[in-house]
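Trainee: The structure file query_21.txt (compact mmCIF, C-alpha atoms) is provided below.
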# COMPACT_ATOMS: atom_id res chain seq x y z
CA MET A 1 129.91 77.55 10.53
CA ASN A 2 132.67 78.48 8.09
CA THR A 3 136.01 76.65 7.72
CA LEU A 4 137.89 78.89 10.17
CA GLU A 5 135.16 78.55 12.80
CA SER A 6 135.16 74.75 12.30
CA LYS A 7 138.93 74.61 12.83
CA ILE A 8 138.64 76.65 16.02
CA HIS A 9 135.77 74.47 17.21
CA SER A 10 137.85 71.32 16.62
CA LEU A 11 140.85 72.86 18.38
CA LEU A 12 138.91 73.79 21.53
CA ASN A 13 136.04 71.33 21.83
CA GLU A 14 137.83 68.34 23.41
CA LYS A 15 139.83 70.49 25.84
CA LEU A 16 136.71 72.32 27.03
CA ASN A 17 134.72 69.08 27.33
CA HIS A 18 137.51 67.62 29.46
CA LEU A 19 137.13 70.60 31.81
CA GLY A 20 133.35 70.13 32.07
CA TYR A 21 132.31 72.80 29.55
CA GLN A 22 130.35 72.50 26.35
CA LEU A 23 131.40 74.58 23.36
CA ILE A 24 128.10 76.01 22.12
CA ASN A 25 129.19 78.32 19.34
CA VAL A 26 132.17 79.90 17.60
CA HIS A 27 131.75 83.06 15.51
CA TYR A 28 134.51 84.95 13.76
CA LEU A 29 133.21 88.25 12.42
CA ARG A 30 134.08 91.83 11.65
CA GLU A 31 132.26 94.63 13.47
CA SER A 32 133.02 98.35 13.57
CA GLY A 33 136.38 97.83 11.89
CA GLU A 34 137.53 95.12 14.34
CA ASN A 35 137.73 91.33 14.06
CA TYR A 36 136.00 89.44 16.86
CA LEU A 37 136.23 85.80 17.83
CA ARG A 38 133.13 85.12 19.90
CA ILE A 39 133.03 81.85 21.79
CA ILE A 40 129.97 80.75 23.75
CA VAL A 41 130.38 78.04 26.39
CA ASP A 42 128.05 76.28 28.79
CA LYS A 43 128.15 73.80 31.66
CA ASP A 44 125.72 72.39 34.18
CA GLY A 45 125.08 75.14 36.69
CA ASP A 46 126.33 78.70 36.71
CA ILE A 47 129.46 80.05 35.02
CA SER A 48 131.11 82.81 37.02
CA LEU A 49 133.07 85.74 35.68
CA ASP A 50 136.19 84.20 37.24
CA GLU A 51 135.59 81.07 35.17
CA ILE A 52 135.27 83.15 32.00
CA VAL A 53 138.63 84.78 32.79
CA LYS A 54 140.23 81.35 33.38
CA LEU A 55 138.77 80.07 30.12
CA SER A 56 140.16 83.10 28.31
CA ASP A 57 143.57 82.44 29.86
CA LEU A 58 143.35 78.84 28.63
CA ILE A 59 141.94 79.49 25.16
CA SER A 60 144.11 82.44 24.13
CA PRO A 61 147.44 80.54 24.19
CA LEU A 62 145.87 77.57 22.39
CA LEU A 63 144.73 79.87 19.59
CA ASP A 64 148.10 81.62 19.46
CA ALA A 65 150.00 78.32 19.27
CA SER A 66 147.74 76.94 16.54
CA ASP A 67 148.24 80.02 14.38
CA VAL A 68 144.79 79.39 12.87
CA ILE A 69 143.92 83.12 12.79
CA ASN A 70 146.36 85.38 10.95
CA ASP A 71 144.68 88.73 11.64
CA ARG A 72 144.41 90.72 14.85
CA TYR A 73 141.19 89.95 16.71
CA ILE A 74 139.40 90.48 19.99
CA LEU A 75 138.61 87.31 21.91
CA ASP A 76 135.14 87.44 23.49
CA ILE A 77 134.15 84.47 25.64
CA SER A 78 130.70 84.31 27.18
CA SER A 79 128.16 81.89 28.61
CA LEU A 80 124.55 81.35 27.64
CA GLY A 81 123.57 83.76 30.39
CA ALA A 82 121.75 83.94 33.67
CA GLU A 83 118.48 82.65 32.23
CA LYS A 84 119.81 79.90 29.99
CA GLU A 85 117.58 77.09 28.81
CA ILE A 86 118.12 73.77 30.56
CA ASN A 87 118.31 70.37 28.94
CA LEU A 88 115.40 68.53 30.58
CA ALA A 89 117.37 65.29 30.72
CA ARG A 90 119.86 67.08 33.01
CA LEU A 91 117.41 68.69 35.44
CA ASP A 92 119.04 66.85 38.34
CA LYS A 93 122.15 69.01 37.84
CA TYR A 94 120.11 72.07 38.88
CA LEU A 95 118.94 71.06 42.35
CA ASN A 96 118.43 74.06 44.65
CA LYS A 97 118.49 76.43 41.68
CA TYR A 98 115.70 78.89 40.88
CA LEU A 99 113.98 77.81 37.66
CA ASN A 100 111.08 78.62 35.41
CA VAL A 101 109.37 75.55 34.00
CA HIS A 102 106.77 75.54 31.24
CA LEU A 103 104.12 72.83 31.36
CA SER A 104 102.35 71.25 28.41
CA HIS A 105 99.44 70.43 30.78
CA PRO A 106 98.72 73.23 33.28
CA TYR A 107 99.05 72.69 37.02
CA GLN A 108 96.08 74.30 38.79
CA GLY A 109 95.66 76.62 35.80
CA LEU A 110 99.36 77.56 35.61
CA ASN A 111 101.43 76.93 32.48
CA ASN A 112 104.60 78.46 33.97
CA ILE A 113 105.89 77.81 37.45
CA GLU A 114 108.88 79.61 38.89
CA GLY A 115 110.58 78.30 42.00
CA THR A 116 113.43 76.39 43.57
CA LEU A 117 114.06 72.87 42.32
CA LEU A 118 114.04 70.61 45.38
CA LYS A 119 113.95 67.06 44.05
CA VAL A 120 114.16 65.23 40.74
CA ASP A 121 113.47 61.58 40.07
CA ARG A 122 112.64 59.55 36.99
CA ASN A 123 108.98 60.56 36.88
CA ASN A 124 108.56 63.67 39.04
CA VAL A 125 110.02 67.04 39.89
CA THR A 126 109.43 68.77 43.21
CA MET A 127 109.65 72.56 43.43
CA LEU A 128 109.13 75.19 46.08
CA TYR A 129 107.28 78.17 44.66
CA GLN A 130 105.55 81.18 46.07
CA ILE A 131 101.93 81.98 45.46
CA LYS A 132 101.02 85.37 46.87
CA ALA A 133 102.72 85.42 50.30
CA ARG A 134 102.76 81.65 50.84
CA LYS A 135 105.46 79.19 49.88
CA LYS A 136 104.16 75.94 48.52
CA GLU A 137 105.89 72.68 47.66
CA ILE A 138 104.52 70.99 44.55
CA THR A 139 105.31 67.82 42.66
CA LEU A 140 105.00 67.89 38.88
CA GLU A 141 105.11 65.00 36.45
CA ARG A 142 108.26 65.27 34.34
CA LYS A 143 106.41 64.25 31.19
CA TYR A 144 104.41 67.49 31.35
CA ILE A 145 107.48 69.75 31.56
CA ASP A 146 108.31 70.80 28.02
CA LYS A 147 110.80 73.62 28.74
CA ALA A 148 112.87 74.88 31.64
CA HIS A 149 115.35 77.68 32.12
CA LEU A 150 117.23 79.31 34.95
CA ALA A 151 115.39 82.29 36.36
CA ILE A 152 116.39 85.34 38.34
CA LYS A 153 114.68 85.64 41.69
CA PHE A 154 113.51 89.16 42.55
As structure tokens, please, write out the structure in this file.
Mentor:
Amino acid sequence: MNTLESKIHSLLNEKLNHLGYQLINVHYLRESGENYLRIIVDKDGDISLDEIVKLSDLISPLLDASDVINDRYILDISSLGAEKEINLARLDKYLNKYLNVHLSHPYQGLNNIEGTLLKVDRNNVTMLYQIKARKKEITLERKYIDKAHLAIKF
């Protein structure tokens, strides 16, 4: 992160944290003859397009008032996306969400399980997943989950 990006990060980080967002990345770059300020944010759960618009409406005046960027630029705010990786320590924030979990020790021969997160406790995670045409509720030991991300249900 260069000096300008660090200044922008410092300017926005506390305000975004206060609103429940995490500032993931700040990039100021030149593409196709235009300057872009790309800001990536995250929070527990989904980030809607309406939230991105509200964040833009909040961030733009802060940047203008700080006068940290002298050139014209395009502000581009985005989230980590529909299939973002999940911090395993915060799995409980994703109850009733559709997830893909990767296991370090397979469950009935499966390394990846995709389903709805039903319950989370200190040691276990309960999910509802579909195998062929049947829905099945399973309990997995948390210690064997090494990755998880949101998934899109088709």
Trainee: Which residue out of A:Glu114, A:Asp46, A:Asp71, A:Asp76 has the minimum interatomic distance to Ile138 in chain A when only C-alpha atoms are used?
Mentor: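 When distances to Ile138 in chain A are compared using only C-alpha atoms, the smallest one comes from A:Glu114.
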Trainee: Quick one: residues within 12 Å of Leu58 in chain A, only C-alpha atoms counted, chain neighbours fewer than 2 positions away excluded, as a ChimeraX atom specification?
Mentor: /A:12,15-16,19,51-56,60-65,75,77
Trainee: In terms of the shortest atom-to-atom distance over only C-alpha atoms, which of A:Ala133, A:Ile74, A:Leu80, A:Val68 is closest to Leu23 in chain A?
Mentor: A:Leu80
Trainee: I'd like the interatomic distance between CA of Leu128 in chain A and CA of Leu91 in chain A, to a tenth of an Å.
Mentor: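 Straight-line distance from CA of Leu128 in chain A to CA of Leu91 in chain A works out to 15.0 Å.
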Trainee: One decimal, Å: what's the distance from CA of Leu11 in chain A over to CA of Ile47 in chain A, could you say?
Mentor: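 We find that CA of Leu11 in chain A and CA of Ile47 in chain A lie 21.4 Å from each other.
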Trainee: Take CA of Ala151 in chain A and CA of Thr116 in chain A and report the distance between them in Å, one decimal.
Mentor: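 Rounded to one decimal, the two atoms are 9.5 Å apart.
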Trainee: For Lys97 in chain A, which of A:Leu150, A:Ile145, A:Ile59, A:Val120 is the closest residue, counting all atoms listed in the file?
Mentor: A:Leu150
